Every structure is written in C-alpha cells, then in structure tokens.
>>> print(open('work_15.csv').read())   # CSV, C-alpha atoms
chain,number,residue,atom,x,y,z
G,19,MET,CA,-131.1,50.3,96.9
G,20,PRO,CA,-127.5,49.2,96.0
G,21,PRO,CA,-126.9,48.7,92.3
G,22,SER,CA,-127.1,45.1,91.0
G,23,ASP,CA,-123.8,43.3,90.6
G,24,HIS,CA,-124.9,42.0,87.2
G,25,LEU,CA,-127.3,43.1,84.5
G,26,SER,CA,-130.5,41.1,83.9
G,27,SER,CA,-130.8,39.3,80.6
G,28,PRO,CA,-132.7,41.2,77.9
G,29,PRO,CA,-136.0,39.9,76.9
G,30,PRO,CA,-136.0,37.6,73.9
G,31,PRO,CA,-136.8,39.3,70.6
G,32,PRO,CA,-140.3,38.9,69.2
G,33,PRO,CA,-140.7,36.1,66.6
G,34,PRO,CA,-140.4,37.4,63.0
G,35,PRO,CA,-143.8,37.9,61.3
G,36,PRO,CA,-144.8,35.1,58.9
G,37,LEU,CA,-143.4,35.5,55.5
G,38,ASP,CA,-146.0,37.0,53.3
G,39,TYR,CA,-146.0,38.3,49.7
G,40,GLU,CA,-148.4,38.5,46.8
G,41,GLY,CA,-149.0,35.1,45.3
G,42,ARG,CA,-147.8,33.2,48.4
G,43,ILE,CA,-149.3,29.8,48.7
G,44,SER,CA,-150.8,29.7,52.1
G,45,GLU,CA,-152.9,26.6,51.9
G,46,GLU,CA,-151.8,23.5,53.7
G,47,TYR,CA,-150.8,20.4,51.7
G,48,ASN,CA,-148.9,17.2,52.3
G,49,PRO,CA,-145.5,17.6,50.7
G,50,GLU,CA,-145.1,13.8,50.5
G,51,THR,CA,-148.2,13.2,48.4
G,52,PHE,CA,-149.3,16.4,46.6
G,53,ARG,CA,-148.7,16.4,42.9
G,54,SER,CA,-148.5,19.2,40.4
G,55,GLY,CA,-147.3,20.0,36.9
G,56,PHE,CA,-147.9,21.5,33.5
G,57,VAL,CA,-150.2,20.0,30.9
G,58,SER,CA,-150.0,21.3,27.3
G,59,ILE,CA,-152.9,20.9,24.9
G,60,VAL,CA,-151.7,20.7,21.3
G,61,GLY,CA,-153.3,19.9,18.0
G,62,ALA,CA,-154.4,21.2,14.6
G,63,PRO,CA,-156.4,24.5,14.4
G,64,ASN,CA,-160.1,24.2,15.1
G,65,MET,CA,-159.8,20.8,16.9
G,66,GLY,CA,-161.5,22.2,20.0
G,67,LYS,CA,-158.5,22.8,22.2
G,68,SER,CA,-160.0,25.9,23.9
G,69,THR,CA,-163.4,24.2,24.2
G,70,LEU,CA,-161.8,21.2,25.8
G,71,LEU,CA,-160.0,23.4,28.4
G,72,ASN,CA,-163.2,25.2,29.2
G,73,LYS,CA,-164.9,21.8,29.7
G,74,LEU,CA,-162.2,20.5,32.0
G,75,LEU,CA,-162.3,23.6,34.1
G,76,ASP,CA,-166.0,24.0,33.9
G,77,GLU,CA,-165.3,27.7,33.1
G,78,ASP,CA,-165.3,29.8,29.9
G,79,LEU,CA,-161.7,31.1,29.9
G,80,CYS,CA,-160.7,30.7,26.3
G,81,ILE,CA,-161.9,32.3,23.1
G,82,THR,CA,-163.9,29.7,21.1
G,83,THR,CA,-165.3,30.4,17.7
G,84,PRO,CA,-165.9,28.2,14.6
G,85,ARG,CA,-163.0,29.9,13.0
G,86,PRO,CA,-159.7,28.1,13.2
G,87,GLN,CA,-156.5,29.6,14.7
G,88,THR,CA,-158.2,32.1,17.1
G,89,THR,CA,-156.0,31.2,20.0
G,90,ARG,CA,-152.8,33.3,19.8
G,91,HIS,CA,-151.5,33.1,23.3
G,92,ALA,CA,-150.5,30.1,25.4
G,93,ILE,CA,-153.1,30.7,28.1
G,94,LEU,CA,-152.4,29.3,31.5
G,95,ALA,CA,-155.4,27.9,33.4
G,96,VAL,CA,-155.2,26.0,36.7
G,97,LEU,CA,-157.3,23.1,38.0
G,98,THR,CA,-156.8,22.2,41.6
G,99,SER,CA,-158.3,19.3,43.5
G,100,GLU,CA,-157.6,19.4,47.2
G,101,GLU,CA,-159.4,16.1,47.6
G,102,HIS,CA,-157.1,14.3,45.2
G,103,GLU,CA,-154.0,16.4,46.1
G,104,THR,CA,-153.4,17.4,42.5
G,105,GLN,CA,-152.9,20.7,40.7
G,106,LEU,CA,-152.9,20.8,36.9
G,107,ALA,CA,-151.5,23.9,35.1
G,108,PHE,CA,-152.9,23.9,31.6
G,109,LEU,CA,-151.3,25.6,28.6
G,110,ASP,CA,-153.8,26.1,25.8
G,111,THR,CA,-151.6,26.6,22.8
G,112,PRO,CA,-152.3,28.0,19.3
G,113,GLY,CA,-153.2,25.4,16.6
G,114,VAL,CA,-150.3,23.6,15.0
G,115,ILE,CA,-149.8,24.4,11.3
G,116,SER,CA,-147.2,22.7,9.2
G,117,LYS,CA,-146.4,25.7,6.9
G,118,THR,CA,-146.4,29.1,8.4
G,119,ARG,CA,-147.3,32.0,6.1
G,120,TYR,CA,-146.3,35.1,8.1
G,121,LYS,CA,-144.4,36.2,11.2
G,122,LEU,CA,-147.3,36.0,13.6
G,123,GLN,CA,-147.7,32.3,12.8
G,124,ASP,CA,-144.0,31.7,13.3
G,125,THR,CA,-144.3,33.3,16.8
G,126,MET,CA,-147.4,31.2,17.5
G,127,MET,CA,-145.6,27.9,16.6
G,128,GLU,CA,-142.6,28.9,18.8
G,129,ALA,CA,-145.1,29.2,21.7
G,130,VAL,CA,-146.3,25.6,21.0
G,131,GLN,CA,-142.7,24.2,21.0
G,132,GLY,CA,-141.9,26.1,24.2
G,133,SER,CA,-145.0,24.6,25.9
G,134,LEU,CA,-143.9,21.1,25.1
G,135,HIS,CA,-140.5,21.6,26.8
G,136,SER,CA,-142.1,22.8,30.0
G,137,SER,CA,-144.9,20.2,30.4
G,138,GLU,CA,-145.1,17.0,32.3
G,139,VAL,CA,-148.1,15.9,30.3
G,140,ILE,CA,-149.0,16.6,26.7
G,141,LEU,CA,-152.6,16.3,25.5
G,142,VAL,CA,-152.6,15.7,21.7
G,143,LEU,CA,-156.1,16.7,20.5
G,144,THR,CA,-157.2,15.4,17.1
G,145,ASP,CA,-160.7,14.5,15.7
G,146,VAL,CA,-162.4,11.4,14.6
G,147,PHE,CA,-161.3,12.3,11.0
G,148,SER,CA,-157.6,12.2,12.2
G,149,THR,CA,-156.7,15.7,11.1
G,150,VAL,CA,-152.9,15.7,11.3
G,151,PRO,CA,-151.2,19.1,11.1
G,152,PHE,CA,-147.7,17.6,10.9
G,153,SER,CA,-145.5,16.5,8.1
G,154,GLU,CA,-143.0,13.7,8.7
G,155,ASP,CA,-140.1,16.1,9.3
G,156,ASP,CA,-142.1,18.5,11.4
G,157,LYS,CA,-140.2,19.6,14.5
G,158,ILE,CA,-143.2,19.3,16.8
G,159,LEU,CA,-144.1,15.8,15.6
G,160,GLN,CA,-140.5,14.7,16.0
G,161,LYS,CA,-140.5,16.1,19.5
G,162,LEU,CA,-143.7,14.2,20.3
G,163,LYS,CA,-142.2,10.9,19.0
G,164,ARG,CA,-138.9,11.3,21.0
G,165,THR,CA,-140.2,12.7,24.2
G,166,LYS,CA,-140.2,10.8,27.5
G,167,GLN,CA,-143.0,13.0,28.8
G,168,ASN,CA,-146.5,11.5,29.2
G,169,ILE,CA,-148.7,11.8,26.2
G,170,VAL,CA,-152.5,11.3,26.1
G,171,VAL,CA,-154.2,11.5,22.7
G,172,VAL,CA,-157.8,12.8,22.7
G,173,VAL,CA,-160.0,12.1,19.7
G,174,ASN,CA,-162.6,14.8,19.6
G,175,LYS,CA,-165.9,15.2,17.6
G,176,ILE,CA,-167.2,11.7,18.0
G,177,ASP,CA,-170.7,13.4,18.1
G,178,LEU,CA,-170.2,13.9,14.3
G,179,LEU,CA,-170.1,10.2,13.5
G,180,ASP,CA,-173.7,10.1,12.5
G,181,LYS,CA,-172.9,12.7,9.9
G,182,VAL,CA,-169.8,11.0,8.6
G,183,THR,CA,-171.5,10.2,5.2
G,184,ASN,CA,-171.8,13.9,4.6
G,185,PHE,CA,-168.1,14.6,5.4
G,186,THR,CA,-166.1,16.1,2.6
G,187,ALA,CA,-162.6,17.5,2.4
G,188,SER,CA,-164.0,21.0,2.6
G,189,ASP,CA,-165.0,20.3,6.2
G,190,ALA,CA,-161.3,20.1,7.1
G,191,ASP,CA,-159.2,23.1,8.2
G,192,ASP,CA,-157.3,24.7,5.3
G,193,ASP,CA,-154.3,25.3,7.6
G,194,GLY,CA,-154.0,21.7,8.6
G,195,GLY,CA,-154.1,18.8,6.2
G,196,ASP,CA,-153.3,15.1,6.8
G,197,ALA,CA,-149.8,14.6,5.5
G,198,LEU,CA,-149.4,11.2,7.3
G,199,GLY,CA,-152.2,9.3,5.5
G,200,THR,CA,-155.8,9.2,4.6
G,201,ARG,CA,-158.5,10.5,6.9
G,202,THR,CA,-160.4,8.1,9.2
G,203,THR,CA,-164.2,7.9,9.5
G,204,SER,CA,-164.6,5.9,12.7
G,205,VAL,CA,-163.3,5.7,16.3
G,206,PRO,CA,-161.5,2.4,15.8
G,207,GLU,CA,-159.7,3.8,12.7
G,208,ALA,CA,-158.7,7.0,14.4
G,209,VAL,CA,-157.4,5.2,17.5
G,210,ALA,CA,-155.4,2.7,15.3
G,211,LYS,CA,-153.9,5.5,13.3
G,212,TRP,CA,-152.8,7.6,16.3
G,213,ARG,CA,-151.5,4.5,18.1
G,214,SER,CA,-149.2,4.0,15.0
G,215,ILE,CA,-148.1,7.6,15.1
G,216,LEU,CA,-147.5,7.8,18.9
G,217,PRO,CA,-147.1,4.2,20.1
G,218,ASN,CA,-146.0,5.4,23.6
G,219,ALA,CA,-149.1,7.4,24.3
G,220,VAL,CA,-150.5,6.5,27.8
G,221,ALA,CA,-154.1,6.3,26.4
G,222,ILE,CA,-156.2,7.3,23.4
G,223,ILE,CA,-159.6,8.6,24.5
G,224,PRO,CA,-162.5,9.4,22.2
G,225,ILE,CA,-164.5,12.4,23.4
G,226,SER,CA,-166.9,15.1,22.3
G,227,CYS,CA,-166.1,18.6,23.5
G,228,LYS,CA,-169.5,19.8,22.2
G,229,THR,CA,-171.6,17.3,24.3
G,230,GLY,CA,-169.0,16.6,27.1
G,231,GLN,CA,-169.1,12.9,26.3
G,232,ASN,CA,-166.2,11.0,28.0
G,233,ILE,CA,-164.6,14.2,29.3
G,234,PRO,CA,-165.1,13.0,33.0
G,235,THR,CA,-162.9,10.0,32.2
G,236,LEU,CA,-160.2,12.3,30.9
G,237,ARG,CA,-160.5,14.5,34.0
G,238,LYS,CA,-160.4,11.5,36.3
G,239,LEU,CA,-157.2,10.3,34.6
G,240,LEU,CA,-155.4,13.6,34.8
G,241,LEU,CA,-156.4,14.2,38.5
G,242,ALA,CA,-155.7,10.5,39.3
G,243,GLU,CA,-159.0,10.1,41.1
G,244,PRO,CA,-159.6,6.7,42.7
G,245,ASP,CA,-160.4,3.7,40.4
G,246,VAL,CA,-159.3,5.1,37.0
G,247,PRO,CA,-159.8,1.7,35.5
G,248,ALA,CA,-163.5,2.0,36.3
G,249,ALA,CA,-163.6,5.3,34.4
G,250,PHE,CA,-162.2,3.6,31.3
G,251,ARG,CA,-164.7,0.7,31.7
G,252,SER,CA,-167.5,3.2,31.6
G,253,LEU,CA,-166.5,4.0,28.0
G,254,GLY,CA,-167.5,0.5,27.0
G,255,ARG,CA,-165.5,-2.3,25.4
G,256,PRO,CA,-162.0,-0.8,24.8
G,257,VAL,CA,-161.1,-0.2,21.1
G,258,PRO,CA,-157.8,-1.9,20.1
G,259,GLY,CA,-155.0,0.6,20.5
G,260,THR,CA,-156.7,2.5,23.4
G,261,PHE,CA,-153.8,1.4,25.7
G,262,ARG,CA,-150.1,0.7,25.1
G,263,ALA,CA,-149.0,-2.6,23.8
G,264,GLY,CA,-149.3,-5.3,26.5
G,265,GLU,CA,-151.5,-3.1,28.7
G,266,SER,CA,-155.3,-3.5,29.2
G,267,THR,CA,-156.0,-0.3,31.2
G,268,VAL,CA,-154.5,2.6,33.0
G,269,THR,CA,-154.0,1.7,36.6
G,270,ASP,CA,-154.3,4.2,39.5
G,271,GLU,CA,-150.6,4.0,40.0
G,272,MET,CA,-150.0,4.8,36.3
G,273,ALA,CA,-152.4,7.8,36.6
G,274,ARG,CA,-150.6,9.1,39.7
G,275,SER,CA,-147.2,8.8,37.9
G,276,LEU,CA,-148.4,11.3,35.2
G,277,LEU,CA,-147.4,14.1,37.5
G,278,PRO,CA,-144.4,14.3,39.9
G,279,VAL,CA,-144.8,14.8,43.7
G,280,SER,CA,-144.4,18.5,43.9
G,281,PRO,CA,-145.7,21.5,45.9
G,282,PRO,CA,-148.6,23.4,44.3
G,283,LEU,CA,-147.4,25.9,41.7
G,284,TYR,CA,-150.2,28.3,42.4
G,285,SER,CA,-152.6,29.2,45.2
G,286,PHE,CA,-155.6,26.8,45.3
G,287,SER,CA,-158.0,29.6,44.4
G,288,THR,CA,-156.0,30.6,41.2
G,289,LEU,CA,-157.9,29.9,38.0
G,290,THR,CA,-155.6,31.6,35.5
G,291,ASP,CA,-152.5,33.8,35.3
G,292,ARG,CA,-154.2,36.2,32.8
G,293,SER,CA,-155.6,39.5,33.8
G,294,GLU,CA,-159.3,40.6,33.5
G,295,ARG,CA,-158.2,43.0,30.8
G,296,PHE,CA,-156.8,40.1,28.8
G,297,PHE,CA,-160.1,38.2,29.0
G,298,ALA,CA,-162.0,41.4,28.1
G,299,SER,CA,-160.0,41.7,24.9
G,300,GLU,CA,-160.4,38.0,24.1
G,301,ILE,CA,-164.1,38.2,24.4
G,302,ILE,CA,-164.4,41.2,22.1
G,303,ARG,CA,-162.1,39.5,19.6
G,304,ALA,CA,-164.3,36.4,19.7
G,305,VAL,CA,-167.4,38.4,18.9
G,306,LEU,CA,-165.4,40.3,16.2
G,307,PHE,CA,-164.4,37.0,14.4
G,308,GLY,CA,-167.9,35.6,14.8
G,309,LYS,CA,-169.4,38.6,13.2
G,310,PHE,CA,-167.1,39.1,10.3
G,311,LYS,CA,-165.8,35.6,9.7
G,312,LYS,CA,-163.0,35.7,7.0
G,313,GLU,CA,-163.6,39.3,6.2
G,314,VAL,CA,-161.4,40.2,9.1
G,315,PRO,CA,-157.7,39.0,9.1
G,316,TYR,CA,-156.2,37.2,12.0
G,317,SER,CA,-153.8,40.1,12.6
G,318,CYS,CA,-156.6,42.3,13.9
G,319,GLU,CA,-156.0,42.9,17.6
G,320,VAL,CA,-158.1,44.4,20.4
G,321,ALA,CA,-156.5,46.7,23.0
G,322,VAL,CA,-158.4,47.4,26.2
G,323,THR,CA,-157.5,51.1,26.8
G,324,GLY,CA,-159.7,51.7,29.8
G,325,PHE,CA,-160.8,49.3,32.6
G,326,THR,CA,-162.4,50.4,35.9
G,327,GLU,CA,-162.4,48.1,38.9
G,328,LEU,CA,-165.5,48.1,41.0
G,329,GLU,CA,-164.5,48.4,44.7
G,330,PRO,CA,-166.6,46.6,47.3
G,331,GLY,CA,-169.2,48.9,48.7
G,332,SER,CA,-168.8,51.4,45.8
G,333,LYS,CA,-171.8,53.4,44.7
G,334,GLU,CA,-170.7,52.8,41.1
G,335,LYS,CA,-172.7,49.8,39.7
G,336,VAL,CA,-171.4,49.7,36.2
G,337,ARG,CA,-167.9,48.6,35.1
G,338,ARG,CA,-166.7,50.9,32.4
G,339,LEU,CA,-164.5,49.5,29.6
G,340,SER,CA,-163.0,51.2,26.5
G,341,ALA,CA,-161.3,49.2,23.8
G,342,SER,CA,-159.9,49.8,20.3
G,343,ILE,CA,-159.9,47.4,17.4
G,344,MET,CA,-156.6,47.7,15.5
G,345,VAL,CA,-156.3,46.8,11.9
G,346,GLU,CA,-153.5,46.5,9.3
G,347,ARG,CA,-154.9,48.6,6.5
G,348,GLU,CA,-157.2,51.6,6.3
G,349,SER,CA,-159.6,49.7,4.0
G,350,GLN,CA,-160.3,47.2,6.8
G,351,LYS,CA,-161.4,50.0,9.0
G,352,GLY,CA,-164.4,50.8,6.8
G,353,ILE,CA,-165.5,47.2,6.8
G,354,LEU,CA,-165.5,47.0,10.6
G,355,VAL,CA,-167.2,50.4,11.1
G,356,GLY,CA,-169.9,49.9,8.5
G,357,LYS,CA,-172.3,52.4,7.1
G,358,GLY,CA,-173.2,54.9,9.7
G,359,GLY,CA,-171.2,52.8,12.3
G,360,VAL,CA,-173.8,50.0,12.3
G,361,MET,CA,-171.3,47.1,12.2
G,362,VAL,CA,-169.0,48.3,15.0
G,363,LYS,CA,-172.2,49.0,17.0
G,364,GLU,CA,-173.4,45.4,16.5
G,365,VAL,CA,-169.9,44.1,17.7
G,366,GLY,CA,-170.2,46.4,20.7
G,367,VAL,CA,-173.6,45.1,21.7
G,368,GLY,CA,-172.6,41.5,21.3
G,369,SER,CA,-169.4,42.1,23.2
G,370,ARG,CA,-171.2,43.9,26.1
G,371,LYS,CA,-173.6,41.0,26.5
G,372,ARG,CA,-170.8,38.4,26.7
G,373,LEU,CA,-168.7,40.6,29.0
G,374,GLU,CA,-171.6,40.9,31.4
G,375,GLU,CA,-172.0,37.1,31.4
G,376,PHE,CA,-168.3,36.7,32.1
G,377,PHE,CA,-167.9,39.4,34.8
G,378,GLN,CA,-171.4,39.0,36.3
G,379,GLU,CA,-171.7,42.8,36.3
G,380,ARG,CA,-173.3,45.5,34.3
G,381,ILE,CA,-170.8,46.7,31.6
G,382,HIS,CA,-170.5,50.0,29.7
G,383,LEU,CA,-168.4,49.5,26.7
G,384,ASP,CA,-166.9,52.2,24.5
G,385,LEU,CA,-165.6,50.5,21.4
G,386,SER,CA,-163.7,52.2,18.5
G,387,VAL,CA,-161.7,51.1,15.4
>>> encode(input="work_15.csv", output="structure tokens")
Amino acid sequence: MPPSDHLSSPPPPPPPPPLDYEGRISEEYNPETFRSGFVSIVGAPNMGKSTLLNKLLDEDLCITTPRPQTTRHAILAVLTSEEHETQLAFLDTPGVISKTRYKLQDTMMEAVQGSLHSSEVILVLTDVFSTVPFSEDDKILQKLKRTKQNIVVVVNKIDLLDKVTNFTASDADDDGGDALGTRTTSVPEAVAKWRSILPNAVAIIPISCKTGQNIPTLRKLLLAEPDVPAAFRSLGRPVPGTFRAGESTVTDEMARSLLPVSPPLYSFSTLTDRSERFFASEIIRAVLFGKFKKEVPYSCEVAVTGFTELEPGSKEKVRRLSASIMVERESQKGILVGKGGVMVKEVGVGSRKRLEEFFQERIHLDLSV
C-alpha cells in the first residue's frame, strides 16, 4: 500500500482528571444564593459561651465546667444547613477579662480581638445580671461600639430569675465585674442596659443555655430560616429594646443580610477544624478542673502523647490513649497524684468515661502527671 500523502490527526488528549485535594468542597451549592461567614461568641468568663455553642450545634465540642475561664483556644465549629443554604463558622473565644494578670491571659485576650476582626457576626453573650467584663476604655468594648459588623446580644441564665432574691455579689465571676453600672435583676432591665451599651445590635435575645429556652429562635435568626419574625413572636410580647430604634422585629431580609453571599468555607460534613487529639485533651482537662476546682491553676495543661486510630475492620476494639498532665511547680504534682495515686486514678476513671461517650468507642487511658 502506498504511503499516505498526509498524516492523520492525532487523537485528542484525554480530559484532565477533576481537581481533587484534601479538604476540597465537593458538594453542590448555588453560588448566587449560598451564604457563609464567621460568627464570634464573646463575653465575660463563665457566661456559658461554650455551652451555647454546644447547644447551637447539638454537639458537645467545647469544654464546659462551672469554673470560669476554661476556654483557652478560639475553637472553630461549623454549622451547615443545606436546606437554608447557609454555613456558620463559629469561634468560641476565651472569656473577656478587663485586667489580665499573667502572660497566658494576655494571649487569650489577643485571640478574642483577632476573632472580632475576622467575623461577619458577633454574638455578645451576657447574663440576666448584666455581667460586663469591660471598662469604658477597654479595647474590645470600643471595637464593639465602632464596628459595622452585625452584633446580636444574647442574655443568658434567664432560668435563674426565680432565684434572683438569693443572688449576691459572690455569685458573680471574680475576673469580670460590672464597670459600666449596677447589676440588673430582670430581663427588661438587662435588655435596656445592653441596648444602651450597644444601640446598633440587631437584636437582644433572652435565653437559657441550661434549659435551651429560646435557643431555636437564635438559631433560626443566624441561619435565616423562613419567617424569622414568627420566631421572635414565639418569645412573647417583645421587651422594649429588643430591636433597634424604629424597628419592631427582624425581617427575613435582615436575617439573610447578616452573612454575605459566599461559597461554603468548609465541606458540608465538617463539624470542627480541631483534631481528635485536641478534644481528648480538652475532655481530660474538663474532668481535671471539675475534680480539683481552684486547687489546680489555669496554667495546667494536658498533652496527649499517644493516640491510636481504629481502622475499619481492625481486630483491635479498644482505642488506646496516653496523656500527661503538666504543672508549673513540683508541689502541684503531689496534689494531683494524691496519696497512693488515688487522685490521678479518679481523674483517669472520669476522663475515660467521658472519652468513651465522645468517641463512642471503648477507651484505654494511660494518664500520668
């Protein structure tokens, strides 16, 4: 056969494989309507910030103890609603204190200020007694007063109103303190006070983190679910100051404007950016603070030194963890260990129980000081 006068065209190259990488958002969403952004939760120590975040997520992600100032890290948690085309990335910040006492507290307050700069929405969490951690010249308060970001004030602990006659100054957190006026003893007083402090707040919502009262309204506002005004009507007759001057509710349009139209920041299945090791250390630290109360200083830290991952189909049925409690002084070590090691053993037993509840697996914990 005579050679061809011309060469045939080469076959077209195969299409490139789809771009894929760890953390890639593969879910489909409408780029014209999907909204996402960061939400910072700020307030005085022991106001219930971590409990509020756990309630909004319906998950126990954050360390919660009766002891104030137990949140050291700005924990990122993610709440995604595909139905309402919204993704909220929450920052649970350390409690705000007006006068820092040591370097760790300085670093914690820097984390709070950093979260305010990066957030579209700021949840200011106080209580029905209007615990205010700021002084008039406080940098964080001045930032809140000047900011153009959306602020929602949340008044927690309304479940304590029936005990208000028994409230004394000793019930308040020693690190906070109300430098902006006297304490309040009712929801109307608390709402009026915070409206005067932050007049541009989108809404002031009374809640109970303990019972969950009114938290669905707050969640509906943040996710901009349909008929936000109905959610506010469910709270009863609005207290004067609940809404901004000249406004009688928060409309659906106002709720949707809290966050910008933006692609999702994280995969829809993401719940947090923290590792399992981090949560293991937080759980042990929570048990430690609960057991020793003020005998153990805040500077105590828990380091997870060993952490096995159970592979699917593995014959190993127990996740093995080893952790060390680190203290500042040798004298503190004796307190934590206890006579014959009884105290550290009790911390280990309590930690193992909570770790098994969190991971839904059997846990073997080797704990040392």
>>> closest_residue(input="work_15.csv", among="G:Arg295, G:Lys363, G:Lys211, G:Lys175", to="Cys227 in chain G", atoms="all atoms listed in the file")
G:Lys175
>>> residues_around(input="work_15.csv", residues="range 278-280 of chain G", least_positions_apart="3", cutoff="12 Å", atoms="all atoms listed in the file", output="ChimeraX atom specification")
/G:47-56,103-106,137-139,167-168,242,272-275,283-284
>>> write_last_selection(input="work_15.csv", atoms="C-alpha atoms", output="PDB file, in the frame of the given file")
ATOM      1  CA  TYR G  47    -150.800  20.400  51.700  1.00  0.00           C
ATOM      2  CA  ASN G  48    -148.900  17.200  52.300  1.00  0.00           C
ATOM      3  CA  PRO G  49    -145.500  17.600  50.700  1.00  0.00           C
ATOM      4  CA  GLU G  50    -145.100  13.800  50.500  1.00  0.00           C
ATOM      5  CA  THR G  51    -148.200  13.200  48.400  1.00  0.00           C
ATOM      6  CA  PHE G  52    -149.300  16.400  46.600  1.00  0.00           C
ATOM      7  CA  ARG G  53    -148.700  16.400  42.900  1.00  0.00           C
ATOM      8  CA  SER G  54    -148.500  19.200  40.400  1.00  0.00           C
ATOM      9  CA  GLY G  55    -147.300  20.000  36.900  1.00  0.00           C
ATOM     10  CA  PHE G  56    -147.900  21.500  33.500  1.00  0.00           C
ATOM     11  CA  GLU G 103    -154.000  16.400  46.100  1.00  0.00           C
ATOM     12  CA  THR G 104    -153.400  17.400  42.500  1.00  0.00           C
ATOM     13  CA  GLN G 105    -152.900  20.700  40.700  1.00  0.00           C
ATOM     14  CA  LEU G 106    -152.900  20.800  36.900  1.00  0.00           C
ATOM     15  CA  SER G 137    -144.900  20.200  30.400  1.00  0.00           C
ATOM     16  CA  GLU G 138    -145.100  17.000  32.300  1.00  0.00           C
ATOM     17  CA  VAL G 139    -148.100  15.900  30.300  1.00  0.00           C
ATOM     18  CA  GLN G 167    -143.000  13.000  28.800  1.00  0.00           C
ATOM     19  CA  ASN G 168    -146.500  11.500  29.200  1.00  0.00           C
ATOM     20  CA  ALA G 242    -155.700  10.500  39.300  1.00  0.00           C
ATOM     21  CA  MET G 272    -150.000   4.800  36.300  1.00  0.00           C
ATOM     22  CA  ALA G 273    -152.400   7.800  36.600  1.00  0.00           C
ATOM     23  CA  ARG G 274    -150.600   9.100  39.700  1.00  0.00           C
ATOM     24  CA  SER G 275    -147.200   8.800  37.900  1.00  0.00           C
ATOM     25  CA  LEU G 283    -147.400  25.900  41.700  1.00  0.00           C
ATOM     26  CA  TYR G 284    -150.200  28.300  42.400  1.00  0.00           C
TER      27      TYR G 284
END
>>> residues_near_point(input="work_15.csv", point="(-167.3, 36.5, 37.4)", cutoff="12 Å", atoms="all atoms listed in the file", output="NGL selection string")
:G and (77-79 or 289 or 294 or 297-298 or 372-380)
>>> residues_around(input="work_15.csv", residues="Gly352 in chain G", least_positions_apart="5", cutoff="10 Å", atoms="only C-alpha atoms", output="list of chain:residue names")
G:Arg347, G:Lys357, G:Gly359, G:Met361, G:Val362, G:Val387
>>> closest_residue(input="work_15.csv", among="G:Ile169, G:Met65, G:Ala304, G:Ile215", to="Leu240 in chain G", atoms="all atoms listed in the file")
G:Ile169
>>> build_atoms(input="work_15.csv", residues="range 367-373 of chain G", atoms="all heavy atoms", output="mmCIF file, in the coordinates of the input")
data_model
loop_
_atom_site.group_PDB
_atom_site.id
_atom_site.type_symbol
_atom_site.label_atom_id
_atom_site.label_comp_id
_atom_site.auth_asym_id
_atom_site.auth_seq_id
_atom_site.Cartn_x
_atom_site.Cartn_y
_atom_site.Cartn_z
ATOM 1 N N VAL G 367 -172.503 45.679 20.927
ATOM 2 C CA VAL G 367 -173.600 45.100 21.700
ATOM 3 C C VAL G 367 -173.391 43.661 22.014
ATOM 4 O O VAL G 367 -173.640 43.222 23.151
ATOM 5 C CB VAL G 367 -174.932 45.259 20.799
ATOM 6 C CG1 VAL G 367 -176.077 44.470 21.438
ATOM 7 C CG2 VAL G 367 -175.324 46.729 20.655
ATOM 8 N N GLY G 368 -172.886 42.889 21.029
ATOM 9 C CA GLY G 368 -172.600 41.500 21.300
ATOM 10 C C GLY G 368 -171.501 41.307 22.335
ATOM 11 O O GLY G 368 -171.579 40.420 23.209
ATOM 12 N N SER G 369 -170.483 42.154 22.278
ATOM 13 C CA SER G 369 -169.400 42.100 23.200
ATOM 14 C C SER G 369 -169.855 42.424 24.644
ATOM 15 O O SER G 369 -169.478 41.762 25.619
ATOM 16 C CB SER G 369 -168.254 43.031 22.826
ATOM 17 O OG SER G 369 -167.719 42.685 21.566
ATOM 18 N N ARG G 370 -170.667 43.467 24.748
ATOM 19 C CA ARG G 370 -171.200 43.900 26.100
ATOM 20 C C ARG G 370 -171.961 42.746 26.724
ATOM 21 O O ARG G 370 -171.818 42.472 27.924
ATOM 22 C CB ARG G 370 -172.014 45.125 25.955
ATOM 23 C CG ARG G 370 -172.560 45.609 27.298
ATOM 24 C CD ARG G 370 -173.341 46.897 27.157
ATOM 25 N NE ARG G 370 -174.444 46.759 26.217
ATOM 26 C CZ ARG G 370 -175.611 46.186 26.516
ATOM 27 N NH1 ARG G 370 -175.827 45.680 27.735
ATOM 28 N NH2 ARG G 370 -176.559 46.105 25.615
ATOM 29 N N LYS G 371 -172.775 42.048 25.940
ATOM 30 C CA LYS G 371 -173.600 41.000 26.500
ATOM 31 C C LYS G 371 -172.673 39.843 27.030
ATOM 32 O O LYS G 371 -172.885 39.346 28.143
ATOM 33 C CB LYS G 371 -174.504 40.405 25.402
ATOM 34 C CG LYS G 371 -175.399 39.277 25.892
ATOM 35 C CD LYS G 371 -176.322 38.799 24.767
ATOM 36 C CE LYS G 371 -177.212 37.646 25.263
ATOM 37 N NZ LYS G 371 -178.107 37.158 24.175
ATOM 38 N N ARG G 372 -171.648 39.472 26.260
ATOM 39 C CA ARG G 372 -170.800 38.400 26.700
ATOM 40 C C ARG G 372 -169.870 38.849 27.858
ATOM 41 O O ARG G 372 -169.537 38.052 28.743
ATOM 42 C CB ARG G 372 -169.911 37.891 25.534
ATOM 43 C CG ARG G 372 -170.722 37.109 24.507
ATOM 44 C CD ARG G 372 -169.863 36.394 23.507
ATOM 45 N NE ARG G 372 -168.937 35.450 24.110
ATOM 46 C CZ ARG G 372 -168.098 34.681 23.433
ATOM 47 N NH1 ARG G 372 -168.079 34.753 22.106
ATOM 48 N NH2 ARG G 372 -167.269 33.858 24.049
ATOM 49 N N LEU G 373 -169.483 40.115 27.869
ATOM 50 C CA LEU G 373 -168.700 40.600 29.000
ATOM 51 C C LEU G 373 -169.493 40.612 30.276
ATOM 52 O O LEU G 373 -168.958 40.284 31.342
ATOM 53 C CB LEU G 373 -168.221 42.062 28.677
ATOM 54 C CG LEU G 373 -167.111 42.200 27.627
ATOM 55 C CD1 LEU G 373 -166.993 43.646 27.169
ATOM 56 C CD2 LEU G 373 -165.780 41.708 28.175
#
